[in-house]
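Notes follow once the structure below has been shown.
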Amino acid sequence: MADKIEDDFGEETLEEDFDSGSMEFEESSEIAEPKKEFADEKKKASEERIEKQEVKKEETKKGKEEKPKEKIEKGPGFIERLKKKDWDSWYNKNHTKFLILTLGVLLIAIGFIAFHYFTTGDFVDRDVSLKGGVSITVFKNLDFNVGEYLKTKYPNSDISVRVLTSGGTPSGYIIESSDLQNNDILAALNEKTHLSKDDYTEELIGSTLGASFFRQAIFAVLIAFLFMSIVVFIYFRIPIPCLAVVLAAFSSIVCTWAVILALGVKLSSAGIAAFLMLIGYSVDTDMLLTARVLRRKGSVNQAIKGAMKTGLTMTGAALVSVLVAYFYTQSGVIKQIMLVLIIGLLFDIFNTWLQNATLIKWYVENKMKKKA
Amino acid sequence: MGKLKKIMMNWKVILVMVAVLLAVLAIHPNPWAKGVVIRSVERNSSAFNAGLQGASPTVPPMSRERIVSVNNVAINNVEDYYAQVDKLISNTSLQIKTTKDLYRLSTTENNGKVDLGMVVYNAPTSNLRKGLDLQGGTRVLLKPEGNISNAEMEMLIASMNQRLNVYGLSDVVIKEARDRPSILGGGTRYILVEIAGSNEGEIRDLIAKQGKFEAKISNSTIFVGGKDITYVARSADQAGIEPGSCGALQQGGYVCRFRFAISLSPDAAQKQADRTANLGVVVKDKEEYLNETLDLYLDDSPVDTLNIGADLKGKATTEVAISGSGTGATEQEAVYNSLQNMKRLQTILITGSLPVKIEVVKSDNISPVVGEKFLKGAFIMGLLSIIAVSIVLTISYRNLKIALPIVLTCVLEVLFLLGVAALFGNSWTIDLAAIAGIIVAVGTGVDDQIVITDETMRGESKDTYNWKQKIKNAFFIIMASYFALVVAMIPLLFAGAGMLKGFALSTIIGVSVGVFITRPAYAAVVEVLVRES
């Protein structure tokens with residue numbers, strides 16, 4: 001293998017021969033030579049930097065964008081190190097640590113959810129559409145603190161008020177209660193201000209129905225996850241890479257769930273739909289990575305790097321459009337969907353490129369060791 | 001320009017262009033559409049008598065009958081229409097011109113105001129059917145008591161349809177919803193009722209009440225609503241507020257009484273004769289009455305009590321007057337509520353009771369104002385997203401020539417999806433769920449296009465054979481994620497009484513259209529753009 005020189009993920013000058021290969025993922029018979037590329041020259045300097053990065057990683061746990069490239073301290077010779085094969089050596093030294101980091105985050109997330117379950121008896125905070133009650137959405141600025149007012153009027157009831165803002169001023173309120181009647185709330189509001197029928201939307205859900213929706217929706221998510229895993233196995237057919245894909249998708253979803261829980265967001269049926277959308281989006285990037293690595297003709301690191309460029313563009317494009325929607329929309333439903341997607345996509349970057357990448361690298365290198 | 005020509009001549013691209021063209025035709029946009037469309041016509045009103053009818057929900061919006069002028073004054077929107085109606089004097093005749101015909105109406109008075117008896121809305125600007133989330137309305141989910149058979153379910157839905165039509169609403173959709181697919185046992189059966197444009201909780205009461213109406217003389221039933229009643233008066237001279245009946249209540253507010261005449265079937269009349277034959281006579285307020293009253297019950301709770309005139313003793317009389325009341329904070333409100341109660345009772349008497357008891361498990365009253373705001377917001381949001389995504393793509397590829405086709409393809413895809421929605425409007429209304437589905441489809445589309453672009457741009461190779469391989473590789477990944485997403489959506493088609501069904505359906509249709517139509521066209525475009533450079 002000739003040296004590969006890249007400038008900022010631009011054109012690769014390496015010649016790659018494609019053979020006719022079918023879509024079965026057998027190992028490539030050409031052995032990449034990761035070990036030969038390791039140079040001793042800057043090893044010690046890299047090691048120092050690695051320790052500093054460990055500390056940094058511990059601090060940026062909950063789903064911040066993490067391109068390994070950005071973790072490199074901006075010391076002298078930064079650009080050169082980036083360009084030369086030291087990226088490879090650095091990556092080869094540290095990829096295990098990335099994996100451990102992601103698994104650690106996953107365990108923390110599971111632990112958090114379990115803790116919540118044991119203290120409150122529920123996996124998630126539900127809004128009225130999933131547990132029953134009334135929901136009134138008012139579409140204008142009422143100029144008083146609606147939440148406080150209603151809570152003083154009905155101190156013993158379960159009332160929650162979310163304020164929708166447009167450019168800093170309130171533009172609407174989502175008022176929910178699981179034990180009041182909608183007429184009670186409307187009467188209270190009408191005492192302070194005048195509401196015409198066009199100013200609000202009301203929803204009423206029976207508690208049996210709400211609870212049954214919730215059960216079915218959770219069931220739907222589990223089934224969807226199962227079906228998705230089956231599709232992945234049918235496509236790639238090799239167990240360990242498939243497991244890596246499923247694990248990454250699982251981690252993204254569980255971590256997002258934990259963050260939603262921690263933020264105190266009341267999940268609606270739309271939010272659950274968002275989790276399903278997330279299954280689709282996360283699996284996308286994981287399958288891209290797996291396909292590229294298993295099908296590669298060059299080194300594993302090369303394949304990962306190339307896949308990462310494509311993958312980050314994909315997630316980046318999805319992320320910006322979701323961000324635009326989140327900040328612009330006035331609809332509570334859409335906002336919740338977008339919030340779940342934003343957090344989910346960030347975790348997807350984290351899990352695909354740190355967890356899945358490492359696992360598939362291990363798998364491939366292990367296989368090659370066995371052949372050698 | 002040779003490249004552009006080559007792109008245009010590729011059959012896949014042509015297919016997409018044709019599809020988009022057909023989509024635009026199906027959508028039939030006309031933002032300058034004038035006039036108003038009839039949502040509902042009250043029975044026995046001036047409009048009803050002239051033959052005007054509410055628009056049927058199955059007709060595409062742009063083909064619905066539109067009122068264009070009243071007495072030769074052009075009507076452009078709802079405000080114009082009501083402005084004209086306000087000017088009308090009772091007992092005159094007027095002309096209404098629509099896109100289909102010319103109608104002659106004569107006006108009558110209804111509590112001091114001329115009312116033609118029509119509710120209208122602004123002419124639609126496209127064939128896209130807006131769901132309740134966007135145009136406002138009432139959505140009610142009902143659960144019948146106990147296990148009911150398929151036949152009973154059909155009858156129930158038919159009765160409910162009839163009730164709503166008699167009430168005057170034609171833009172009504174009633175369908176059954178289950179929460180598990182039939183093969184897995186079917187789950188609980190629900191009925192979903194959607195009434196566009198009516199933000200009235202009264203509708204909820206109308207369809208949820210089983211509507212068991214009984215008239216009894218000391219616990220022996222004389223007649224029931226439905227079959228025993230052959231005629232219910234609804235015209236202004238035989239039904240309405242009892243003159244002079246409105247008065248203030250002790251505890252504040254006002255009450256008004258209404259009355260209307262009904263005719264009984266001969267059997268029921270005979271029953272009444274038999275039952276009253278042996279009753280005694282008493283004197284009340286200088287009038288002679290029978291010593292037992294006719295008690296009216298609606299759904300087992302007493303609604304009214306009528307004194308039976310002594311001269312009816314033993315007689316099979318078929319004419320009965322039904323009365324009731326309504327209250328309100330002001331006299332005007334009391335009049336309104338009284339009339340609403342009367343209307344509801346009339347409907348129930350005409351259509352009879354529903355075969356089973358039903359319970360409201362979910363109801364949504366959606367304001368139309370929201371929908372309008374939301375649509376405007378959605379447009380701008382879409383535009384901003386396009387710009388944002390273009391920026392990301394340009395940064396990533398450093399080449400506008402790559403970024404633009406991707407974005408353009410997405411825009412075309414959205415147009416095509418909307419066209420499909422317009423075509424299948426009866427089954428695919430545009431509501432929040434549909435919009436969310438379209439967002440998912442487009443998002444996946446951008447991702448897939450990026451995969452194609454990257455797969456074909458990596459490495460230089462001029463050999464056709466390798467090109468085919470690259471496309472094959474790209475589509476392998478695309479199809480894998482396509483199937484994963486589709487199977488993830490399938491459980492949603494059945495969960496939760498179909499509440500998320502719209503979303504799942506939109507997503508599946510959206511990504512399918514993308515993968516089978518737009519994606520291959522894009523691949524062809526990329527081939528021309530990149531391969532030959």
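In the structure tokens, chains take letters A, B, ... by order of appearance, with residues numbered from 1 within each chain and ligands from 1 in the order shown.
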
Give me the residues near segment 104-116 of chain A as a tab-separated table (two decimals) with C-alpha atoms, in the first residue's frame, where near means some atom within 10 Å (using only C-alpha atoms) and where sequence neighbours in that chain fewer than 2 positions away do not count.
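So the final result, stored in part.tsv, reads:
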```tsv
chain	number	residue	atom	x	y	z
A	58	GLU	CA	-15.07	13.01	30.60
A	61	LYS	CA	-20.43	13.48	27.92
A	62	LYS	CA	-23.99	14.24	27.05
A	63	GLY	CA	-24.13	14.26	23.30
A	98	PHE	CA	-13.82	5.92	22.54
A	99	LEU	CA	-15.72	2.67	22.73
A	100	ILE	CA	-15.43	2.53	26.49
A	101	LEU	CA	-16.62	6.12	26.68
A	102	THR	CA	-19.75	5.40	24.69
A	118	PHE	CA	-37.80	2.97	40.82
A	119	THR	CA	-38.49	6.35	42.32
A	120	THR	CA	-41.55	7.34	40.30
A	121	GLY	CA	-42.85	4.09	38.89
A	122	ASP	CA	-42.69	5.29	35.33
A	123	PHE	CA	-40.17	5.21	32.52
A	124	VAL	CA	-41.06	8.62	31.29
A	125	ASP	CA	-43.18	11.66	32.14
A	248	ALA	CA	-25.36	1.77	18.20
A	250	PHE	CA	-30.02	1.10	20.72
A	251	SER	CA	-27.51	3.34	22.49
A	252	SER	CA	-28.69	6.41	20.60
A	253	ILE	CA	-32.29	5.78	21.50
A	254	VAL	CA	-31.66	4.96	25.16
A	255	CYS	CA	-29.37	7.95	25.67
A	256	THR	CA	-31.88	10.26	24.01
A	257	TRP	CA	-34.60	8.81	26.23
A	258	ALA	CA	-32.50	9.53	29.32
A	259	VAL	CA	-31.86	13.12	28.28
A	261	LEU	CA	-36.27	12.30	31.02
A	262	ALA	CA	-33.64	14.50	32.62
A	351	ASN	CA	-22.43	6.40	18.90
```

Item to check | Interface, chain A side, toward chain B (6 Å; only C-alpha atoms) as an MDAnalysis selection string | outcome: chainID A and resid 198 200:206 213 216 220 224 227:228 231 280 284 314 317:318 321

Item to check | Residue with smallest distance to Leu142 of chain B - pool B:Ala123, B:Leu418, B:Ile157, B:Leu412, counting only C-alpha atoms | outcome: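 Result for the nearest residue to Leu142 of chain B: B:Ile157.
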
Checklist entry - Can you list, as number ranges by chain, every protein, DNA or RNA residue that comes within 12 Å of Lys192 of chain A when you count only C-alpha atoms, leaving out same-chain residues fewer than 2 positions away? => result A: 142-146, 149-150, 153, 185-190, 194-195

Next on the checklist: At a cut-off of 8 Å, using only C-alpha atoms, what residues contact segment 14-21 of chain B? Leave out same-chain residues fewer than 4 positions from it and give the result as number ranges by chain.
Outcome noted: B: 8-10, 25, 412-413, 415-416, 419, 517-518, 521

Counting only C-alpha atoms, what is within 7 Å of segment 91-100 of chain B, bar same-chain residues fewer than 2 positions away, as a tab-separated table (two decimals) with N, CA and C atoms, in the first residue's frame?
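And here's around19.tsv as it stands now:
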```tsv
chain	number	residue	atom	x	y	z
B	65	GLU	N	-68.81	23.35	-5.79
B	65	GLU	CA	-69.64	24.45	-6.22
B	65	GLU	C	-69.33	25.69	-5.39
B	66	ARG	N	-69.15	26.82	-6.08
B	66	ARG	CA	-68.80	28.05	-5.38
B	66	ARG	C	-69.84	29.13	-5.63
B	67	ILE	N	-70.19	29.86	-4.59
B	67	ILE	CA	-71.10	30.99	-4.77
B	67	ILE	C	-70.28	32.16	-5.27
B	68	VAL	N	-70.67	32.71	-6.41
B	68	VAL	CA	-69.89	33.82	-6.95
B	68	VAL	C	-70.58	35.17	-6.83
B	69	SER	N	-71.92	35.16	-6.76
B	69	SER	CA	-72.57	36.46	-6.58
B	69	SER	C	-73.92	36.29	-5.90
B	70	VAL	N	-74.33	37.32	-5.17
B	70	VAL	CA	-75.64	37.36	-4.53
B	70	VAL	C	-76.32	38.62	-5.06
B	71	ASN	N	-77.46	38.43	-5.73
B	71	ASN	CA	-78.15	39.58	-6.35
B	71	ASN	C	-77.21	40.38	-7.22
B	89	ILE	N	-83.80	41.92	3.33
B	89	ILE	CA	-85.01	42.16	4.09
B	89	ILE	C	-85.86	40.90	4.00
B	102	LEU	N	-78.01	28.90	-11.25
B	102	LEU	CA	-78.57	30.14	-10.72
B	102	LEU	C	-79.74	29.73	-9.83
B	103	TYR	N	-79.75	30.20	-8.58
B	103	TYR	CA	-80.80	29.79	-7.65
B	103	TYR	C	-81.62	30.98	-7.23
B	104	ARG	N	-82.93	30.72	-7.04
B	104	ARG	CA	-83.81	31.77	-6.55
B	104	ARG	C	-84.25	31.41	-5.15
B	105	LEU	N	-84.07	32.34	-4.23
B	105	LEU	CA	-84.49	32.06	-2.87
B	105	LEU	C	-85.47	33.10	-2.40
B	106	SER	N	-86.33	32.70	-1.46
B	106	SER	CA	-87.14	33.73	-0.80
B	106	SER	C	-86.79	33.73	0.67
B	107	THR	N	-86.67	34.93	1.19
B	107	THR	CA	-86.16	35.02	2.56
B	107	THR	C	-87.27	34.90	3.57
B	108	THR	N	-86.92	34.34	4.69
B	108	THR	CA	-87.87	34.27	5.81
B	108	THR	C	-87.17	34.85	7.01
```

Checklist entry - What does the distance between atom CA of Tyr190 of chain B and atom CA of Ser212 of chain A come to in Å, to one decimal place? => result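 Spanning atom CA of Tyr190 of chain B to atom CA of Ser212 of chain A is a straight-line distance of 12.8 Å.
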
Next on the checklist: Just list as a PyMOL selection string whatever in segment 74-245 of chain B DSSP marks as alpha helix (DSSP H).
Outcome noted: chain B and resi 78-86+132-135+150-167+201-208

Item to check | All strand (DSSP E) residues (DSSP, backbone) inside segment 112-173 of chain B, as a ChimeraX atom specification | outcome: /B:113-114,118-122,137-144,172-173

Okay, now the selection with all heavy atoms, as a short mmCIF file (atom, residue, chain, number, x, y, z; two decimals), in the first residue's frame?
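Written output follows (result.cif):
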```cif
data_model
loop_
_atom_site.label_atom_id
_atom_site.label_comp_id
_atom_site.auth_asym_id
_atom_site.auth_seq_id
_atom_site.Cartn_x
_atom_site.Cartn_y
_atom_site.Cartn_z
N LYS B 113 -83.93 38.23 12.36
CA LYS B 113 -82.83 38.40 11.41
C LYS B 113 -83.05 37.49 10.22
O LYS B 113 -83.55 36.38 10.37
CB LYS B 113 -81.51 38.02 12.09
CG LYS B 113 -80.47 39.13 12.07
CD LYS B 113 -79.20 38.73 12.77
CE LYS B 113 -78.44 37.69 11.96
NZ LYS B 113 -77.02 37.63 12.34
N VAL B 114 -82.65 37.96 9.06
CA VAL B 114 -82.76 37.09 7.90
C VAL B 114 -81.56 36.14 7.87
O VAL B 114 -80.41 36.56 7.97
CB VAL B 114 -82.77 37.92 6.59
CG1 VAL B 114 -82.71 36.98 5.40
CG2 VAL B 114 -84.01 38.77 6.53
N MET B 118 -77.23 29.02 5.57
CA MET B 118 -76.01 28.40 5.06
C MET B 118 -74.79 28.83 5.86
O MET B 118 -74.68 29.98 6.25
CB MET B 118 -75.77 28.83 3.60
CG MET B 118 -76.74 28.20 2.62
SD MET B 118 -76.16 28.41 0.94
CE MET B 118 -76.44 30.14 0.68
N VAL B 119 -73.90 27.88 6.06
CA VAL B 119 -72.58 28.21 6.62
C VAL B 119 -71.59 28.06 5.47
O VAL B 119 -71.61 27.05 4.76
CB VAL B 119 -72.21 27.24 7.77
CG1 VAL B 119 -70.81 27.51 8.26
CG2 VAL B 119 -73.21 27.36 8.89
N VAL B 120 -70.77 29.07 5.26
CA VAL B 120 -69.86 29.02 4.12
C VAL B 120 -68.42 29.19 4.57
O VAL B 120 -68.14 29.62 5.67
CB VAL B 120 -70.20 30.14 3.10
CG1 VAL B 120 -71.59 29.94 2.54
CG2 VAL B 120 -70.07 31.50 3.75
N TYR B 121 -67.52 28.82 3.67
CA TYR B 121 -66.10 29.07 3.93
C TYR B 121 -65.44 29.53 2.64
O TYR B 121 -65.98 29.32 1.55
CB TYR B 121 -65.41 27.84 4.51
CG TYR B 121 -65.43 26.59 3.66
CD1 TYR B 121 -64.39 26.29 2.79
CD2 TYR B 121 -66.48 25.70 3.76
CE1 TYR B 121 -64.41 25.14 2.03
CE2 TYR B 121 -66.52 24.55 3.00
CZ TYR B 121 -65.47 24.26 2.15
OH TYR B 121 -65.50 23.12 1.39
N ASN B 122 -64.28 30.13 2.80
CA ASN B 122 -63.60 30.69 1.63
C ASN B 122 -63.24 29.63 0.61
O ASN B 122 -62.89 28.52 0.95
CB ASN B 122 -62.30 31.40 2.07
CG ASN B 122 -62.62 32.75 2.67
OD1 ASN B 122 -63.56 33.41 2.27
ND2 ASN B 122 -61.82 33.15 3.64
N GLY B 137 -61.85 22.24 13.41
CA GLY B 137 -63.00 21.36 13.38
C GLY B 137 -63.08 20.56 14.67
O GLY B 137 -62.41 20.86 15.65
N THR B 138 -63.90 19.54 14.62
CA THR B 138 -64.09 18.69 15.79
C THR B 138 -63.74 17.27 15.43
O THR B 138 -64.14 16.76 14.39
CB THR B 138 -65.57 18.73 16.23
OG1 THR B 138 -65.93 20.08 16.44
CG2 THR B 138 -65.77 17.95 17.50
N ARG B 139 -62.97 16.65 16.29
CA ARG B 139 -62.64 15.24 16.07
C ARG B 139 -63.01 14.49 17.33
O ARG B 139 -62.58 14.88 18.42
CB ARG B 139 -61.15 15.11 15.80
CG ARG B 139 -60.71 13.68 15.52
CD ARG B 139 -59.21 13.56 15.59
NE ARG B 139 -58.57 14.23 14.48
CZ ARG B 139 -57.49 15.00 14.60
NH1 ARG B 139 -56.95 15.18 15.76
NH2 ARG B 139 -56.96 15.57 13.54
N VAL B 140 -63.81 13.46 17.19
CA VAL B 140 -64.24 12.72 18.37
C VAL B 140 -63.96 11.24 18.18
O VAL B 140 -64.24 10.68 17.13
CB VAL B 140 -65.76 12.91 18.62
CG1 VAL B 140 -66.17 12.23 19.90
CG2 VAL B 140 -66.11 14.37 18.67
N LEU B 141 -63.40 10.62 19.19
CA LEU B 141 -63.17 9.18 19.15
C LEU B 141 -64.16 8.54 20.12
O LEU B 141 -64.21 8.91 21.28
CB LEU B 141 -61.73 8.86 19.56
CG LEU B 141 -61.29 7.42 19.33
CD1 LEU B 141 -61.21 7.13 17.84
CD2 LEU B 141 -59.93 7.18 19.97
N LEU B 142 -64.95 7.61 19.62
CA LEU B 142 -66.01 7.02 20.44
C LEU B 142 -65.78 5.54 20.61
O LEU B 142 -65.29 4.87 19.71
CB LEU B 142 -67.36 7.22 19.74
CG LEU B 142 -67.70 8.65 19.42
CD1 LEU B 142 -68.63 8.71 18.24
CD2 LEU B 142 -68.35 9.29 20.61
N LYS B 143 -66.20 5.05 21.76
CA LYS B 143 -66.08 3.62 21.99
C LYS B 143 -67.46 3.06 22.28
O LYS B 143 -68.10 3.47 23.25
CB LYS B 143 -65.14 3.39 23.18
CG LYS B 143 -64.85 1.93 23.41
CD LYS B 143 -63.57 1.78 24.23
CE LYS B 143 -63.77 1.03 25.52
NZ LYS B 143 -64.48 -0.24 25.39
N PRO B 144 -67.93 2.12 21.47
CA PRO B 144 -69.23 1.50 21.74
C PRO B 144 -69.11 0.57 22.94
O PRO B 144 -68.07 -0.06 23.15
CB PRO B 144 -69.53 0.71 20.47
CG PRO B 144 -68.49 1.07 19.49
CD PRO B 144 -67.34 1.64 20.22
N VAL B 172 -68.63 15.53 6.78
CA VAL B 172 -68.43 14.67 7.94
C VAL B 172 -67.74 13.39 7.50
O VAL B 172 -68.08 12.81 6.48
CB VAL B 172 -69.81 14.32 8.55
CG1 VAL B 172 -69.69 13.15 9.47
CG2 VAL B 172 -70.38 15.51 9.27
N VAL B 173 -66.76 12.95 8.29
CA VAL B 173 -66.12 11.68 7.97
C VAL B 173 -66.24 10.79 9.20
O VAL B 173 -65.80 11.16 10.28
CB VAL B 173 -64.63 11.88 7.64
CG1 VAL B 173 -63.94 10.55 7.45
CG2 VAL B 173 -64.49 12.72 6.40
#
```

Surrounding residues of Gly133 of chain A excluding itself and chain neighbours under 5 positions, 8 Å, only C-alpha atoms, as a tab-separated table (two decimals) with N, CA, C and O atoms, in the first residue's frame:
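Okay, around-v4.tsv is ready:
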```tsv
chain	number	residue	atom	x	y	z
A	128	VAL	N	-50.86	14.63	28.68
A	128	VAL	CA	-52.23	14.09	28.76
A	128	VAL	C	-52.58	13.16	27.62
A	128	VAL	O	-53.44	12.29	27.76
A	176	GLU	N	-52.29	21.81	30.51
A	176	GLU	CA	-52.74	20.43	30.62
A	176	GLU	C	-53.11	20.11	32.05
A	176	GLU	O	-52.48	20.58	32.98
A	177	SER	N	-54.12	19.26	32.18
A	177	SER	CA	-54.47	18.82	33.52
A	177	SER	C	-55.06	17.44	33.44
A	177	SER	O	-55.84	17.14	32.52
A	178	SER	N	-54.68	16.58	34.40
A	178	SER	CA	-55.24	15.24	34.34
A	178	SER	C	-56.47	15.09	35.20
A	178	SER	O	-57.14	14.08	35.15
A	179	ASP	N	-56.79	16.11	36.02
A	179	ASP	CA	-58.00	15.93	36.82
A	179	ASP	C	-59.02	17.05	36.74
A	179	ASP	O	-60.08	16.96	37.32
A	180	LEU	N	-58.73	18.11	36.02
A	180	LEU	CA	-59.74	19.16	35.87
A	180	LEU	C	-60.53	18.95	34.59
A	180	LEU	O	-60.09	18.27	33.69
A	181	GLN	N	-61.70	19.58	34.53
A	181	GLN	CA	-62.46	19.57	33.28
A	181	GLN	C	-62.02	20.76	32.45
A	181	GLN	O	-61.60	21.77	32.99
A	204	LEU	N	-59.47	16.37	24.70
A	204	LEU	CA	-59.93	15.66	25.88
A	204	LEU	C	-59.61	14.19	25.65
A	204	LEU	O	-60.00	13.62	24.65
A	205	ILE	N	-58.85	13.60	26.56
A	205	ILE	CA	-58.56	12.17	26.38
A	205	ILE	C	-58.96	11.40	27.63
A	205	ILE	O	-58.56	11.76	28.73
A	206	GLY	N	-59.73	10.35	27.45
A	206	GLY	CA	-60.11	9.51	28.58
A	206	GLY	C	-58.87	8.80	29.10
A	206	GLY	O	-57.97	8.47	28.35
A	207	SER	N	-58.80	8.57	30.41
A	207	SER	CA	-57.56	8.03	30.96
A	207	SER	C	-57.31	6.60	30.50
A	207	SER	O	-56.16	6.21	30.33
```

Checklist entry - For Ser89 of chain A, which residue out of A:Ile349, A:Asn301, A:Gly344, A:Thr290 is the nearest one, using only C-alpha atoms? => result A:Asn301
